[in-house]
Amino acid sequence: MLMDYTDEEILLRDSVGNFADKVLRERVRPFVVKHAFPTDLVREFAALGFMGTAYDPDFDGAGLGTRGAAIVAESLACVEPGFAAIFLCNSAPMTVLARYGSDELKREWLSKLCRGDTLASFGVTEPSGGSDVANIRMRAVEDGDGFVLTGSKIFSTNAGTPLHGLSTIVAVTDPDMGPKGLSTFVVPVGTPGFQVGRPSKKIGWRIADSVELFLDQCRVPRRFLIGQRGDGLRQILTTLSIGRILVAATALGLARKAIGLARAYGATRSIGGKPIFSNQGLTFPLADMLTKMHAAELMIRNAATLSDAERPFRTETSMAKLFASELASEAADAAVQVHGGYGVFEDFEVSGLIGEARVLRLVEGTSEVQRLIIARELAA
Ligand SMILES: Cc1cc2nc3c(=O)[nH]c(=O)nc-3n(C[C@H](O)[C@H](O)[C@H](O)COP(=O)(O)OP(=O)(O)OC[C@H]3O[C@@H](n4cnc5c(N)ncnc54)[C@H](O)[C@@H]3O)c2cc1C
């Protein structure tokens with residue numbers, strides 16, 4: 001297991017870190033406070049080409065795979081986890097297109113997404129329940145030279161924002177085929193019958209909009225079917241697995257931010273004439289966090305390396321996602337504790353990290369779903 005960062009990866013980390021430190025840190029806070037999507041910041045970030053980090057240079061990507069994308073997510077989350085969410089939710093539809101789309105579809109949509117001309121959303125979860133991804137109700141009925149989609153999706157992140165250009169939507173094409181009856185489609189914004197709901201305030205991913213999608217007799221041409229008809233479930237499962245690595249990387253970045261804030265506060269706070277960090281009761285939990293952050297980094301890089309090598313990676317990915325997302329919550333909690341009472345006031349950035357971390361244990365499969373996947377090893 002080789003964990004070294006390549007020269008290209010170091011350059012990537014420095015470049016995204018530079019954007020995060022110089023641009024994001026300076027300007028993102030007002031959007032977090034207002035729970036508002038930072039359109040101009042996303043546009044500036046996307047124009048630098050970072051959205052295409054993982055993907056094939058033939059389609060305007062940087063060719064740095066999931067390892068590269070994980071570096072981007074972590075570097076952004078070190079400053080603003082919600083911004084990493086915008087990146088990782090854009091990556092899911094890009095992954096479906098990159099892995100399964102025809103060259104024609106990739107030229108039409110993936111290149112645009114890599115160049116940062118537009119944003120995409122991923123439409124899998126439905127109001128009837130997200131943990132059972134095979135149980136999808138959205139219908140896609142073949143009609144002439146296309147398909148007509150009807151149904152709804154929920155929590156679709158990036159949809160409805162000013163930069164949103166398309167959704168990739170999973171729908172039932174063959175109801176008699178069970179899980180083999182699902183297929184994935186590109187549905188561009190502006191397709192008649194395609195509407196999005198209004199964003200609601202959330203305790204985490206505050207600057208990312210997650211909304212409902214409504215498709216009413218929405219017609220798309222046959223060429224907007226991604227890959228093979230009936231291949232939807234396999235596509236979702238692989239895409240979700242890759243997405244889990246990016247959620248884990250976001251969680252690691254968030255933990256780094258939390259511990260950074262705790263260190264900064266602890267370095268200045270004295271009680272009874274003694275610096276608070278002279279109490280081991282306060283520093284030992286932070287030492288545990290540093291140890292777990294190191295473990296999370298190794299798990300994430302291992303899962304991403306397996307993914308890029310096209311080797312089996314689902315169990316390792318679920319382990320990394322489970323471990324890192326639970327770590328993020330622990331780190332946020334420990335950092336609030338270091339701040340004492342100040343830690344729960346919104347003026348202190350650390351207070352917001354509890355909610356930001358909480359989301360990561362739900363998205364791309366809850367912690368329970370990750371445990372279900374890992375527990376399959378027991379039966380192997
Ligand atoms: C902020 C946010 C952004 C999101 N963005 C997107 C997006 O862009 N695109 C998208 O498609 N989806 C998105 N999601 C959906 C997300 O992936 C789902 O919320 C998640 O998969 C859980 O589905 P659910 O909310 O329907 O919960 P449910 O499936 O209803 O689960 C409820 C509870 O039951 C537990 N549970 C369910 N089944 C089992 C079981 N067999 N064993 C043990 N426990 C079980 C779950 O772990 C959970 O605790 C987003 C969600 C959030 C919160």
# chains A, B, ... in the order shown; residues from 1 in each chain; ligands from 1
>>> residues_around(residues="Ser91 (chain A)", least_positions_apart="5", cutoff="10 Å", atoms="only C-alpha atoms", output="PyMOL selection string")
chain A and resi 51-55+66+69+85-86+96-98+113-114+119-122+239+242-243+246
>>> write_last_selection(atoms="N, CA and C atoms", output="compact mmCIF listing (two decimals), in the first residue's frame")
# COMPACT_ATOMS: atom_id res chain seq x y z
N MET A 51 -13.10 21.23 -10.73
CA MET A 51 -14.23 20.29 -10.76
C MET A 51 -13.87 19.05 -11.58
N GLY A 52 -12.95 19.22 -12.53
CA GLY A 52 -12.58 18.10 -13.41
C GLY A 52 -11.37 17.33 -12.95
N THR A 53 -10.94 17.55 -11.72
CA THR A 53 -9.70 16.93 -11.22
C THR A 53 -9.61 15.43 -11.52
N ALA A 54 -10.70 14.70 -11.29
CA ALA A 54 -10.64 13.24 -11.36
C ALA A 54 -10.65 12.71 -12.79
N TYR A 55 -11.13 13.51 -13.73
CA TYR A 55 -11.59 12.93 -15.00
C TYR A 55 -10.58 13.02 -16.13
N THR A 66 -9.73 9.48 -8.33
CA THR A 66 -10.40 9.70 -7.04
C THR A 66 -9.40 10.19 -5.99
N ALA A 69 -9.42 13.85 -6.48
CA ALA A 69 -10.68 14.47 -6.03
C ALA A 69 -10.76 14.49 -4.50
N ALA A 85 -18.97 20.17 -0.05
CA ALA A 85 -20.21 19.47 -0.40
C ALA A 85 -20.65 19.81 -1.82
N ILE A 86 -20.51 21.08 -2.18
CA ILE A 86 -20.89 21.50 -3.54
C ILE A 86 -20.02 20.75 -4.54
N VAL A 96 -20.80 9.32 -12.99
CA VAL A 96 -21.68 8.45 -13.79
C VAL A 96 -21.40 8.69 -15.28
N LEU A 97 -21.31 9.96 -15.65
CA LEU A 97 -21.05 10.27 -17.06
C LEU A 97 -19.69 9.74 -17.49
N ALA A 98 -18.67 9.96 -16.65
CA ALA A 98 -17.30 9.58 -17.03
C ALA A 98 -17.16 8.07 -17.16
N LEU A 113 -18.76 20.28 -17.62
CA LEU A 113 -18.67 20.21 -16.15
C LEU A 113 -17.21 20.30 -15.71
N CYS A 114 -16.31 19.65 -16.44
CA CYS A 114 -14.88 19.72 -16.08
C CYS A 114 -14.36 21.15 -16.21
N LEU A 119 -23.02 23.33 -13.43
CA LEU A 119 -23.01 22.40 -12.30
C LEU A 119 -24.07 21.33 -12.52
N ALA A 120 -23.84 20.16 -11.92
CA ALA A 120 -24.82 19.07 -12.05
C ALA A 120 -25.30 18.61 -10.68
N SER A 121 -26.44 17.94 -10.69
CA SER A 121 -26.95 17.33 -9.45
C SER A 121 -27.24 15.86 -9.73
N PHE A 122 -27.30 15.10 -8.63
CA PHE A 122 -27.45 13.65 -8.71
C PHE A 122 -28.84 13.32 -8.16
N THR A 239 -20.98 4.60 -8.22
CA THR A 239 -20.85 6.05 -8.06
C THR A 239 -20.95 6.45 -6.58
N ILE A 242 -17.67 5.72 -4.81
CA ILE A 242 -16.64 6.74 -5.05
C ILE A 242 -17.01 8.02 -4.27
N GLY A 243 -18.31 8.34 -4.28
CA GLY A 243 -18.76 9.52 -3.52
C GLY A 243 -18.45 9.40 -2.04
N LEU A 246 -15.17 10.71 -1.15
CA LEU A 246 -15.13 12.18 -1.10
C LEU A 246 -15.81 12.71 0.16
>>> residues_around(residues="region 138-153 of chain A", least_positions_apart="6", cutoff="10 Å", atoms="only C-alpha atoms", output="MDAnalysis selection string")
chainID A and resid 122:128 130 169:175 182:185 187 193:196 211:225
>>> select_by_dssp(residues="region 161-306 of chain A", states="strand (DSSP E)", output="MDAnalysis selection string")
chainID A and resid 164:172 182:188 194:196 210:221 225:226 270:271 274:275
>>> residues_near_ligand(ligand="ligand 1", cutoff="9 Å", atoms="only C-alpha atoms and all ligand atoms", output="short mmCIF file (atom, residue, chain, number, x, y, z; two decimals) with C-alpha atoms, in the first residue's frame")
data_model
loop_
_atom_site.label_atom_id
_atom_site.label_comp_id
_atom_site.auth_asym_id
_atom_site.auth_seq_id
_atom_site.Cartn_x
_atom_site.Cartn_y
_atom_site.Cartn_z
CA ALA A 85 -20.21 19.47 -0.40
CA LEU A 88 -18.56 16.35 -4.09
CA CYS A 89 -22.24 16.53 -5.10
CA ASN A 90 -21.17 17.82 -8.52
CA ALA A 92 -21.37 12.17 -8.47
CA SER A 121 -26.95 17.33 -9.45
CA PHE A 122 -27.45 13.65 -8.71
CA GLY A 123 -31.05 12.40 -8.50
CA VAL A 124 -31.20 9.08 -6.69
CA THR A 125 -32.96 9.57 -3.34
CA GLU A 126 -36.75 9.68 -3.36
CA PRO A 127 -39.20 10.73 -0.64
CA SER A 128 -40.06 7.03 -0.08
CA GLY A 129 -36.58 6.40 1.43
CA GLY A 130 -32.94 6.72 0.42
CA SER A 131 -31.29 3.81 2.21
CA ASP A 132 -32.88 1.25 -0.10
CA VAL A 133 -31.50 2.62 -3.38
CA LYS A 153 -36.47 13.09 -6.14
CA ILE A 154 -35.50 14.66 -2.83
CA PHE A 155 -32.40 16.31 -1.31
CA SER A 156 -30.82 16.83 -4.72
CA THR A 157 -27.80 19.00 -3.97
CA ASN A 158 -26.76 21.81 -6.36
CA ALA A 159 -30.13 21.65 -8.16
CA ILE A 169 -31.73 10.90 -12.80
CA VAL A 170 -32.18 7.24 -11.96
CA LYS A 202 -30.13 22.96 7.17
CA ILE A 203 -27.85 22.57 10.18
CA GLY A 204 -25.05 21.42 7.88
CA TRP A 205 -24.07 21.94 4.25
CA ARG A 206 -25.50 25.38 4.95
CA ALA A 208 -25.23 24.00 -0.48
CA ASP A 209 -28.84 23.84 -1.67
CA SER A 210 -30.49 20.41 -1.43
CA VAL A 211 -33.94 20.46 -3.02
CA LEU A 240 -22.01 6.11 -4.43
CA VAL A 359 -24.69 15.68 7.78
CA LEU A 360 -21.71 13.53 6.81
CA ARG A 361 -23.06 10.54 8.77
CA LEU A 362 -26.21 10.60 6.61
CA VAL A 363 -25.22 11.38 3.03
CA GLU A 364 -24.06 8.84 0.42
CA GLY A 365 -25.42 6.12 2.71
CA THR A 366 -25.93 6.49 6.46
CA SER A 367 -23.57 5.00 9.05
CA GLU A 368 -26.02 2.09 9.40
CA VAL A 369 -25.85 1.43 5.66
CA GLN A 370 -22.02 1.47 5.80
CA ARG A 371 -22.15 -1.06 8.66
CA LEU A 372 -24.50 -3.27 6.62
#
>>> residues_around(residues="Phe50 (chain A)", least_positions_apart="4", cutoff="8 Å", atoms="only C-alpha atoms", output="list in words")
Val16, Phe45, Ala46, Val72 and Cys114 of chain A
>>> residues_around(residues="Ile207 (chain A)", least_positions_apart="4", cutoff="12 Å", atoms="only C-alpha atoms", output="PyMOL selection string")
chain A and resi 28-39+41-42+80-87+157-158+161+199-203+352+356
>>> atom_distance(atom1="CA of Gly266 (chain A)", atom2="CA of Tyr342 (chain A)")
12.3 Å
>>> select_by_dssp(residues="region 155-276 of chain A", states="helix (DSSP H, G or I)", output="PyMOL selection string")
chain A and resi 175-181+222-224+232-268+276
>>> atom_distance(atom1="CA of Gln337 (chain A)", atom2="CA of Phe277 (chain A)")
12.2 Å
>>> residues_around(residues="Gly17 (chain A)", least_positions_apart="2", cutoff="9 Å", atoms="only C-alpha atoms", output="MDAnalysis selection string")
chainID A and resid 12:15 19:22 72 75:76 78:79
>>> residues_around(residues="region 310-317 of chain A", least_positions_apart="5", cutoff="12 Å", atoms="only C-alpha atoms", output="ChimeraX atom specification")
/A:65-66,99,237-249,296,298-305,322-325,364-365,369-378,380
>>> atom_distance(atom1="CA of Ala267 (chain A)", atom2="CA of Asn18 (chain A)")
24.8 Å
>>> closest_residue(among="A:Tyr265, A:Gly160, A:Lys180, A:Asp308", to="Gly197 (chain A)", atoms="only C-alpha atoms")
A:Gly160
>>> closest_residue(among="A:Arg234, A:Glu349, A:Arg25, A:Ala331", to="Thr291 (chain A)", atoms="only C-alpha atoms")
A:Ala331
